[in-house]
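Participant: Below is a structure I'd like to ask you about.
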Amino acid sequence: MVRADLSSAAQTRSLGLSLAKLLHQPALITLRGELGSGKTSLVRETLRALGVDEVIASPSYTIAQSYQTRDGLLVNHLDLYRINEGIDVDLLAWDDYLGHGLTFVEWPEAGTGQLPPATLDIELKHVTPTSREARLRGVPEIERELVKTMRAAGISARRSHEAPV
Ligand SMILES: Nc1ncnc2c1ncn2[C@@H]1O[C@H](COP(=O)(O)OP(=O)(O)O)[C@@H](O)[C@H]1O
Ligand SMILES: [Mg+2]
């Protein structure tokens, strides 16, 4: 696991920049954390860093939004929160979302059974109204790369080992 302090919205932007640099398709990025913890903001910053200029709205009502970056990369942004209200997770075009491009999924808990293990799982927590803590989990190579890239972007980040459950 990698822990990072996002002490301001600017640091969340820097994390978005770091993700834009190091993620390669195909990748599934799951985002967990309570409402307002910054999941949508982080995806928006990543899309901006990838050169998407259009309005990036939260997909909480549309469930899925797709974007094409400056370099022709497909980025899908899903929010499964409303799946809990009876919308069928099986109806989503998972093969299209997972086969290529980058796919960001907020509230992945609702997609359990449909989603393969994530390339990167990001958990966000409120610390103060303007600061957040991020916990990022992936294979050792991606965690090491993340720490390097985040530090270069001015984020305080460190790898820590989790106690076995
Ligand atoms: N350091 C920070 N990182 C991310 N968001 C922040 C930060 N500080 C304040 N915020 C605010 O918190 C809110 C996060 O909302 P949003 O990204 O929609 O959360 P979620 O998708 O997790 O519900 C936004 O209004 C954002 O401006
Ligand atoms: Mg959101």
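Every chain in the structure tokens has a letter given in the order shown (A, B, ...), and although residue numbers restart at 1 in each chain, ligands are simply numbered from 1 in the order shown.
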Enumerate as an mmCIF file with N, CA and C atoms, in the first residue's frame the residues within 12 Å of ligand 1, counting only C-alpha atoms and all ligand atoms.
Facilitator:
```cif
data_model
loop_
_atom_site.group_PDB
_atom_site.id
_atom_site.type_symbol
_atom_site.label_atom_id
_atom_site.label_comp_id
_atom_site.auth_asym_id
_atom_site.auth_seq_id
_atom_site.Cartn_x
_atom_site.Cartn_y
_atom_site.Cartn_z
ATOM 1 N N ALA A 4 -0.571 8.569 0.850
ATOM 2 C CA ALA A 4 -0.188 9.888 0.365
ATOM 3 C C ALA A 4 -1.044 10.946 1.029
ATOM 4 N N ASP A 5 -0.432 12.067 1.373
ATOM 5 C CA ASP A 5 -1.159 13.197 1.951
ATOM 6 C C ASP A 5 -1.524 14.160 0.842
ATOM 7 N N LEU A 6 -2.818 14.394 0.714
ATOM 8 C CA LEU A 6 -3.291 15.376 -0.265
ATOM 9 C C LEU A 6 -3.765 16.566 0.563
ATOM 10 N N SER A 7 -2.814 17.468 0.852
ATOM 11 C CA SER A 7 -3.113 18.510 1.828
ATOM 12 C C SER A 7 -3.902 19.670 1.253
ATOM 13 N N SER A 8 -4.169 19.641 -0.039
ATOM 14 C CA SER A 8 -4.975 20.689 -0.675
ATOM 15 C C SER A 8 -5.495 20.137 -1.997
ATOM 16 N N ALA A 9 -6.447 20.862 -2.589
ATOM 17 C CA ALA A 9 -6.967 20.441 -3.885
ATOM 18 C C ALA A 9 -5.845 20.426 -4.932
ATOM 19 N N ALA A 10 -4.848 21.297 -4.748
ATOM 20 C CA ALA A 10 -3.721 21.335 -5.691
ATOM 21 C C ALA A 10 -2.948 20.013 -5.657
ATOM 22 N N GLN A 11 -2.882 19.400 -4.478
ATOM 23 C CA GLN A 11 -2.169 18.115 -4.358
ATOM 24 C C GLN A 11 -2.974 16.994 -5.008
ATOM 25 N N THR A 12 -4.280 17.113 -4.950
ATOM 26 C CA THR A 12 -5.121 16.137 -5.649
ATOM 27 C C THR A 12 -4.903 16.285 -7.160
ATOM 28 N N ARG A 13 -4.728 17.527 -7.603
ATOM 29 C CA ARG A 13 -4.407 17.746 -9.022
ATOM 30 C C ARG A 13 -3.072 17.087 -9.360
ATOM 31 N N SER A 14 -2.100 17.204 -8.471
ATOM 32 C CA SER A 14 -0.788 16.585 -8.714
ATOM 33 C C SER A 14 -0.894 15.059 -8.768
ATOM 34 N N LEU A 15 -1.776 14.499 -7.946
ATOM 35 C CA LEU A 15 -1.967 13.045 -8.018
ATOM 36 C C LEU A 15 -2.585 12.669 -9.373
ATOM 37 N N GLY A 16 -3.523 13.476 -9.836
ATOM 38 C CA GLY A 16 -4.119 13.235 -11.160
ATOM 39 C C GLY A 16 -3.061 13.273 -12.251
ATOM 40 N N THR A 30 -10.129 1.440 -9.385
ATOM 41 C CA THR A 30 -11.311 1.544 -8.532
ATOM 42 C C THR A 30 -11.085 2.650 -7.514
ATOM 43 N N LEU A 31 -12.159 3.388 -7.186
ATOM 44 C CA LEU A 31 -12.073 4.512 -6.252
ATOM 45 C C LEU A 31 -13.080 4.314 -5.142
ATOM 46 N N ARG A 32 -12.572 4.263 -3.935
ATOM 47 C CA ARG A 32 -13.441 4.057 -2.778
ATOM 48 C C ARG A 32 -13.307 5.225 -1.811
ATOM 49 N N GLY A 33 -14.306 5.396 -0.962
ATOM 50 C CA GLY A 33 -14.299 6.505 -0.003
ATOM 51 C C GLY A 33 -15.660 7.149 0.025
ATOM 52 N N GLU A 34 -15.984 7.748 1.181
ATOM 53 C CA GLU A 34 -17.342 8.289 1.358
ATOM 54 C C GLU A 34 -17.630 9.444 0.403
ATOM 55 N N LEU A 35 -18.900 9.842 0.343
ATOM 56 C CA LEU A 35 -19.323 10.958 -0.509
ATOM 57 C C LEU A 35 -18.499 12.192 -0.165
ATOM 58 N N GLY A 36 -18.020 12.869 -1.181
ATOM 59 C CA GLY A 36 -17.272 14.102 -0.971
ATOM 60 C C GLY A 36 -15.800 13.877 -0.648
ATOM 61 N N SER A 37 -15.343 12.628 -0.680
ATOM 62 C CA SER A 37 -13.936 12.376 -0.345
ATOM 63 C C SER A 37 -13.007 12.756 -1.503
ATOM 64 N N GLY A 38 -13.553 12.931 -2.699
ATOM 65 C CA GLY A 38 -12.724 13.434 -3.799
ATOM 66 C C GLY A 38 -12.519 12.469 -4.959
ATOM 67 N N LYS A 39 -13.337 11.427 -5.031
ATOM 68 C CA LYS A 39 -13.179 10.424 -6.093
ATOM 69 C C LYS A 39 -13.369 11.059 -7.474
ATOM 70 N N THR A 40 -14.505 11.760 -7.628
ATOM 71 C CA THR A 40 -14.778 12.392 -8.926
ATOM 72 C C THR A 40 -13.737 13.463 -9.232
ATOM 73 N N SER A 41 -13.363 14.233 -8.225
ATOM 74 C CA SER A 41 -12.361 15.288 -8.439
ATOM 75 C C SER A 41 -11.049 14.698 -8.957
ATOM 76 N N LEU A 42 -10.645 13.576 -8.390
ATOM 77 C CA LEU A 42 -9.392 12.958 -8.816
ATOM 78 C C LEU A 42 -9.472 12.461 -10.263
ATOM 79 N N VAL A 43 -10.595 11.861 -10.631
ATOM 80 C CA VAL A 43 -10.747 11.397 -12.020
ATOM 81 C C VAL A 43 -10.737 12.612 -12.958
ATOM 82 N N ARG A 44 -11.425 13.686 -12.538
ATOM 83 C CA ARG A 44 -11.465 14.903 -13.368
ATOM 84 C C ARG A 44 -10.047 15.451 -13.587
ATOM 85 N N GLU A 45 -9.252 15.481 -12.528
ATOM 86 C CA GLU A 45 -7.879 15.997 -12.650
ATOM 87 C C GLU A 45 -7.039 15.102 -13.563
ATOM 88 N N ILE A 56 -16.393 17.728 -17.496
ATOM 89 C CA ILE A 56 -16.299 16.387 -16.902
ATOM 90 C C ILE A 56 -17.237 16.366 -15.698
ATOM 91 N N ALA A 57 -18.445 15.870 -15.933
ATOM 92 C CA ALA A 57 -19.450 15.841 -14.868
ATOM 93 C C ALA A 57 -19.323 14.538 -14.102
ATOM 94 N N SER A 58 -19.851 14.523 -12.887
ATOM 95 C CA SER A 58 -19.884 13.270 -12.143
ATOM 96 C C SER A 58 -20.838 12.308 -12.841
ATOM 97 N N PRO A 59 -20.456 11.050 -13.017
ATOM 98 C CA PRO A 59 -21.376 10.100 -13.656
ATOM 99 C C PRO A 59 -22.365 9.483 -12.667
ATOM 100 N N SER A 60 -22.654 10.181 -11.566
ATOM 101 C CA SER A 60 -23.520 9.553 -10.562
ATOM 102 C C SER A 60 -24.936 9.337 -11.091
ATOM 103 N N HIS A 77 -15.470 6.490 -17.261
ATOM 104 C CA HIS A 77 -15.642 6.907 -15.866
ATOM 105 C C HIS A 77 -17.020 6.433 -15.411
ATOM 106 N N LEU A 78 -17.041 5.477 -14.491
ATOM 107 C CA LEU A 78 -18.301 4.908 -14.025
ATOM 108 C C LEU A 78 -18.511 5.200 -12.549
ATOM 109 N N ASP A 79 -19.772 5.299 -12.173
ATOM 110 C CA ASP A 79 -20.130 5.466 -10.769
ATOM 111 C C ASP A 79 -21.262 4.486 -10.495
ATOM 112 N N LEU A 80 -20.978 3.465 -9.707
ATOM 113 C CA LEU A 80 -21.952 2.387 -9.493
ATOM 114 C C LEU A 80 -22.873 2.633 -8.296
ATOM 115 N N TYR A 81 -22.833 3.839 -7.744
ATOM 116 C CA TYR A 81 -23.624 4.131 -6.542
ATOM 117 C C TYR A 81 -25.093 3.775 -6.731
ATOM 118 N N PHE A 104 -12.178 4.035 -14.855
ATOM 119 C CA PHE A 104 -12.259 4.446 -13.454
ATOM 120 C C PHE A 104 -13.642 4.095 -12.932
ATOM 121 N N VAL A 105 -13.701 3.423 -11.790
ATOM 122 C CA VAL A 105 -14.996 3.016 -11.237
ATOM 123 C C VAL A 105 -15.140 3.503 -9.796
ATOM 124 N N GLU A 106 -16.084 4.434 -9.580
ATOM 125 C CA GLU A 106 -16.429 4.859 -8.223
ATOM 126 C C GLU A 106 -17.457 3.873 -7.676
ATOM 127 N N TRP A 107 -17.434 3.619 -6.380
ATOM 128 C CA TRP A 107 -18.313 2.660 -5.710
ATOM 129 C C TRP A 107 -18.219 1.272 -6.358
ATOM 130 N N ILE A 122 -7.825 2.895 -5.244
ATOM 131 C CA ILE A 122 -7.530 4.145 -4.535
ATOM 132 C C ILE A 122 -8.639 4.400 -3.518
ATOM 133 N N GLU A 123 -8.221 4.547 -2.265
ATOM 134 C CA GLU A 123 -9.182 4.822 -1.202
ATOM 135 C C GLU A 123 -8.904 6.233 -0.703
ATOM 136 N N LEU A 124 -9.933 7.068 -0.642
ATOM 137 C CA LEU A 124 -9.750 8.453 -0.194
ATOM 138 C C LEU A 124 -10.467 8.659 1.132
ATOM 139 N N LYS A 125 -9.826 9.419 1.988
ATOM 140 C CA LYS A 125 -10.438 9.696 3.302
ATOM 141 C C LYS A 125 -10.367 11.186 3.592
ATOM 142 N N HIS A 126 -11.436 11.709 4.220
ATOM 143 C CA HIS A 126 -11.425 13.098 4.679
ATOM 144 C C HIS A 126 -10.434 13.237 5.826
ATOM 145 N N VAL A 127 -9.641 14.282 5.816
ATOM 146 C CA VAL A 127 -8.795 14.605 6.965
ATOM 147 C C VAL A 127 -9.290 15.924 7.552
ATOM 148 N N THR A 128 -9.339 16.960 6.726
ATOM 149 C CA THR A 128 -9.975 18.233 7.084
ATOM 150 C C THR A 128 -10.854 18.575 5.875
ATOM 151 N N PRO A 129 -11.621 19.685 5.945
ATOM 152 C CA PRO A 129 -12.440 20.019 4.771
ATOM 153 C C PRO A 129 -11.632 20.147 3.480
ATOM 154 N N THR A 130 -10.356 20.514 3.583
ATOM 155 C CA THR A 130 -9.578 20.715 2.352
ATOM 156 C C THR A 130 -8.441 19.713 2.167
ATOM 157 N N SER A 131 -8.283 18.784 3.091
ATOM 158 C CA SER A 131 -7.215 17.803 2.884
ATOM 159 C C SER A 131 -7.759 16.376 2.955
ATOM 160 N N ARG A 132 -7.084 15.497 2.235
ATOM 161 C CA ARG A 132 -7.507 14.103 2.135
ATOM 162 C C ARG A 132 -6.286 13.211 2.307
ATOM 163 N N GLU A 133 -6.530 11.956 2.695
ATOM 164 C CA GLU A 133 -5.457 10.964 2.656
ATOM 165 C C GLU A 133 -5.836 9.956 1.584
ATOM 166 N N ALA A 134 -4.848 9.568 0.784
ATOM 167 C CA ALA A 134 -5.093 8.548 -0.240
ATOM 168 C C ALA A 134 -4.322 7.294 0.125
ATOM 169 N N ILE A 155 4.213 15.456 -3.814
ATOM 170 C CA ILE A 155 3.283 14.859 -2.849
ATOM 171 C C ILE A 155 4.064 14.032 -1.837
#
```
Participant: Could you pull the residues within 10 Å of region 140-148 of chain A, counting only C-alpha atoms, minus those fewer than 6 positions along the same chain, as a list in words?
Facilitator: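 In the requested format, the answer is Met1, Val2, Arg3, Ala4, Leu15, Ser18, Leu19, Lys21, Leu22, Leu23, Thr119, Leu120, Ile155, Ser156, Ala157, Arg158 and Arg159 of chain A.
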Participant: Can you check which residues of region 6-124 of chain A DSSP gives as strand (DSSP E or B) on the backbone and send them as a ChimeraX atom specification?
Facilitator: /A:6,27-32,64-68,74-79,102-106,120-124
Participant: Restricting the calculation to only C-alpha atoms and all ligand atoms, which member of A:Ile83, A:Ile63, A:Ala118, A:Val89 is positioned closest to ligand 2?
Facilitator: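 Selected residue with least distance to ligand 2: A:Ile63.
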Participant: Can you list, as JSON, numbers by chain, all residues belonging to chain A that DSSP tags as alpha helix (DSSP H)?
Facilitator: {"A": [9, 10, 11, 12, 13, 14, 15, 16, 17, 18, 19, 20, 21, 22, 39, 40, 41, 42, 43, 44, 45, 46, 47, 48, 49, 94, 95, 96, 97, 98, 99, 140, 141, 142, 143, 144, 145, 146, 147, 148, 149, 150, 151, 152]}
Participant: Keeping only C-alpha atoms, take the residues you just selected and write them out as a tab-separated table (two decimals), in the first residue's frame.
Facilitator:
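Just written: out.tsv:
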```tsv
chain	number	residue	atom	x	y	z
A	9	ALA	CA	-6.97	20.44	-3.89
A	10	ALA	CA	-3.72	21.34	-5.69
A	11	GLN	CA	-2.17	18.12	-4.36
A	12	THR	CA	-5.12	16.14	-5.65
A	13	ARG	CA	-4.41	17.75	-9.02
A	14	SER	CA	-0.79	16.59	-8.71
A	15	LEU	CA	-1.97	13.05	-8.02
A	16	GLY	CA	-4.12	13.24	-11.16
A	17	LEU	CA	-1.06	14.35	-13.08
A	18	SER	CA	0.94	11.44	-11.66
A	19	LEU	CA	-1.76	8.93	-12.62
A	20	ALA	CA	-1.93	10.38	-16.13
A	21	LYS	CA	1.83	9.78	-16.44
A	22	LEU	CA	2.04	6.26	-15.16
A	39	LYS	CA	-13.18	10.42	-6.09
A	40	THR	CA	-14.78	12.39	-8.93
A	41	SER	CA	-12.36	15.29	-8.44
A	42	LEU	CA	-9.39	12.96	-8.82
A	43	VAL	CA	-10.75	11.40	-12.02
A	44	ARG	CA	-11.46	14.90	-13.37
A	45	GLU	CA	-7.88	16.00	-12.65
A	46	THR	CA	-6.52	12.87	-14.35
A	47	LEU	CA	-8.66	13.53	-17.42
A	48	ARG	CA	-7.55	17.16	-17.52
A	49	ALA	CA	-3.91	16.04	-17.31
A	94	TRP	CA	-18.09	-4.63	-19.07
A	95	ASP	CA	-16.24	-6.24	-21.99
A	96	ASP	CA	-16.03	-2.85	-23.70
A	97	TYR	CA	-14.96	-1.07	-20.53
A	98	LEU	CA	-12.32	-3.54	-19.46
A	99	GLY	CA	-10.75	-4.58	-22.76
A	140	PRO	CA	4.69	-3.86	-6.06
A	141	GLU	CA	5.99	-2.44	-9.38
A	142	ILE	CA	3.13	0.02	-9.73
A	143	GLU	CA	3.34	1.02	-6.05
A	144	ARG	CA	7.05	1.75	-6.37
A	145	GLU	CA	6.47	3.72	-9.57
A	146	LEU	CA	3.66	5.65	-7.88
A	147	VAL	CA	5.83	6.73	-4.95
A	148	LYS	CA	8.52	7.97	-7.33
A	149	THR	CA	6.10	9.82	-9.59
A	150	MET	CA	4.10	11.33	-6.71
A	151	ARG	CA	7.20	12.54	-4.90
A	152	ALA	CA	8.48	14.13	-8.11
```
Participant: Between A:Val75, A:Leu92, A:Ala64, A:Leu50, which one has atoms that come closest to ligand 2, using only C-alpha atoms and all ligand atoms?
Facilitator: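 Going through A:Val75, A:Leu92, A:Ala64, A:Leu50 one by one, the smallest distance to ligand 2 is for A:Ala64.
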Participant: One decimal, in Å: what's the spacing between CA of Glu109 (chain A) and CA of Leu28 (chain A)?
Facilitator: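 For CA of Glu109 (chain A) relative to CA of Leu28 (chain A), the distance reads 13.8 Å.
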Participant: In terms of the shortest atom-to-atom distance over only C-alpha atoms, which of A:Gln114, A:Ser160, A:Gln25, A:Thr69 is closest to Glu54 (chain A)?
Facilitator: A:Thr69
Participant: Calculated over only C-alpha atoms and all ligand atoms, which of the candidates A:Pro108, A:Pro26, A:Gly154, A:Gly101 has the smallest distance to ligand 2?
Facilitator: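 For ligand 2, the nearest of the candidates is A:Pro108.
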